[in-house]
Amino acid sequence: MGKSESGKTTLLEGLISGLKERGYRVAVLKHAAHDFELDTPNKDSWRLAQAGSEVSAVSSGDKLAVIRKLEQDLSPRELSQFLGPECDLILTEGFKYHNYPKIEVHRKEQGPELLSPPEQLIAVVTDEPLEVEVPQFSREEVPKIVDLIEEMIRAQRQAYDLDLFVDNAYLPLSRSSQNLLYRTIIAMVAGIKGTAQMKNLRICLRRQD
């Protein structure tokens with residue numbers, strides 16, 4: 001989090017590099033305040049999207065770009081289903097109205113007010129001391145911020161992660177429901193060839209009306 005021109009993207013660059021050096025696979029999700037266009041007008045993918053395609057994708061040997069139309073603004077948790085399960089964590093920029101742990105980037109000349117709710121704030125990156133009850137770091141202390149994130153990852157790490165999405169909406173499950181669903185799915189696929197060493201599993205069910 002942070003006000004415009006506070007240095008959010010610069011911090012993200014440092015965090016991505018630091019986490020990658022420690023072996024983490026990182027995805028990044030940025031929230032745009034207004035509509036945006038990534039596709040190039042009059043290119044084939046742009047023309048197909050203009051014709052009414054719900055999803056446009058361009059694939060090469062080492063990249064995949066997907067542009068998907070959304071009916072509403074989704075939360076980071078709901079958007080995570082489109083980012084791929086192979087990543088260990090998602091760093092976000094923006095999404096100030098969503099209840100997730102936040103690191104705020106603060107610059108003295110932008111005023112003393114912070115944007116993050118106190119109960120969601122876990123750290124501040126600042127060029128002046130602030131009266132907050134969370135760790136404060138300078139912009140040069142990226143490794144220490146990576147330490148903080150890594151501590152959170154270790155504290156929350158479980159034997160498995162299981163998320164349920166229905167019509168793109170995330171449905172939280174109790175731990176007992178997750179355990180039941182996990183055991184059921186693993187028992188179903190255990191005998192299928194090629195599943196012995198699986199690290200992630202995705203099942204998509206589409207009902208035909």
# chains A, B, ... in the order shown; residues from 1 in each chain; ligands from 1
>>> closest_atom_pairs(of="range 30-75 of chain A", to="range 151-168 of chain A", cutoff="12 Å", atoms="only C-alpha atoms", output="JSON lines")
{"residue": "A:Leu70", "atom": "CA", "partner": "A:Asn168", "partner_atom": "CA", "distance": 9.8}
{"residue": "A:Glu71", "atom": "CA", "partner": "A:Asn168", "partner_atom": "CA", "distance": 10.3}
{"residue": "A:Gln72", "atom": "CA", "partner": "A:Asn168", "partner_atom": "CA", "distance": 10.4}
{"residue": "A:Asp73", "atom": "CA", "partner": "A:Asn168", "partner_atom": "CA", "distance": 11.2}
{"residue": "A:Leu74", "atom": "CA", "partner": "A:Asn168", "partner_atom": "CA", "distance": 8.6}
{"residue": "A:Ser75", "atom": "CA", "partner": "A:Asn168", "partner_atom": "CA", "distance": 10.2}
>>> write_last_selection(atoms="C-alpha atoms", output="mmCIF file, in the first residue's frame")
data_model
loop_
_atom_site.group_PDB
_atom_site.id
_atom_site.type_symbol
_atom_site.label_atom_id
_atom_site.label_comp_id
_atom_site.auth_asym_id
_atom_site.auth_seq_id
_atom_site.Cartn_x
_atom_site.Cartn_y
_atom_site.Cartn_z
ATOM 1 C CA LEU A 70 -14.745 -9.663 -15.754
ATOM 2 C CA GLU A 71 -18.296 -8.891 -14.737
ATOM 3 C CA GLN A 72 -17.155 -7.254 -11.499
ATOM 4 C CA ASP A 73 -14.065 -6.259 -9.530
ATOM 5 C CA LEU A 74 -12.694 -9.405 -7.871
ATOM 6 C CA SER A 75 -10.730 -9.731 -4.650
#
>>> select_by_dssp(residues="range 18-136 of chain A", states="strand (DSSP E or B)", output="PDB file with C-alpha atoms, in the first residue's frame")
ATOM      1  CA  VAL A  26       6.281 -15.238  -6.540  1.00  0.00           C
ATOM      2  CA  ALA A  27       3.264 -13.877  -8.401  1.00  0.00           C
ATOM      3  CA  VAL A  28       2.389 -10.179  -8.441  1.00  0.00           C
ATOM      4  CA  LEU A  29      -1.082  -8.701  -8.716  1.00  0.00           C
ATOM      5  CA  LYS A  30      -1.571  -4.963  -9.281  1.00  0.00           C
ATOM      6  CA  VAL A  55     -10.997 -14.653 -23.020  1.00  0.00           C
ATOM      7  CA  SER A  56      -8.131 -13.842 -25.373  1.00  0.00           C
ATOM      8  CA  ALA A  57      -4.801 -15.607 -25.000  1.00  0.00           C
ATOM      9  CA  VAL A  58      -1.460 -15.383 -26.756  1.00  0.00           C
ATOM     10  CA  SER A  59       1.077 -18.149 -26.188  1.00  0.00           C
ATOM     11  CA  LEU A  64       1.427 -16.876 -21.892  1.00  0.00           C
ATOM     12  CA  ALA A  65      -0.649 -13.691 -21.873  1.00  0.00           C
ATOM     13  CA  VAL A  66      -4.350 -13.927 -21.028  1.00  0.00           C
ATOM     14  CA  ILE A  67      -6.877 -11.105 -21.147  1.00  0.00           C
ATOM     15  CA  ARG A  68     -10.165 -12.032 -19.499  1.00  0.00           C
ATOM     16  CA  LEU A  89       2.786 -16.498  -2.565  1.00  0.00           C
ATOM     17  CA  ILE A  90       1.155 -13.501  -4.231  1.00  0.00           C
ATOM     18  CA  LEU A  91       2.317  -9.940  -3.615  1.00  0.00           C
ATOM     19  CA  THR A  92      -0.272  -7.291  -4.393  1.00  0.00           C
ATOM     20  CA  GLU A  93      -0.124  -3.575  -5.051  1.00  0.00           C
ATOM     21  CA  LYS A 102      -0.479  -4.706   4.391  1.00  0.00           C
ATOM     22  CA  ILE A 103       2.973  -3.143   4.204  1.00  0.00           C
ATOM     23  CA  GLU A 104       2.650   0.592   3.625  1.00  0.00           C
ATOM     24  CA  VAL A 105       5.256   2.724   1.875  1.00  0.00           C
ATOM     25  CA  HIS A 106       5.400   6.224   3.376  1.00  0.00           C
ATOM     26  CA  LEU A 121      -0.887  -3.047   8.953  1.00  0.00           C
ATOM     27  CA  ILE A 122       2.111  -5.342   9.527  1.00  0.00           C
ATOM     28  CA  ALA A 123       4.978  -2.960   8.675  1.00  0.00           C
ATOM     29  CA  VAL A 124       5.827   0.492   7.330  1.00  0.00           C
ATOM     30  CA  VAL A 125       8.610   1.439   4.949  1.00  0.00           C
ATOM     31  CA  THR A 126       9.302   5.064   5.785  1.00  0.00           C
ATOM     32  CA  GLN A 136       9.403   0.269  10.605  1.00  0.00           C
TER      33      GLN A 136
END
>>> select_by_dssp(residues="chain A", states="alpha helix (DSSP H)", output="ChimeraX atom specification")
/A:8-21,44-50,76-79,142-156,175-189
>>> closest_residue(among="A:Leu130, A:Arg25, A:Lys144, A:Glu13", to="Gly84 in chain A", atoms="only C-alpha atoms")
A:Arg25
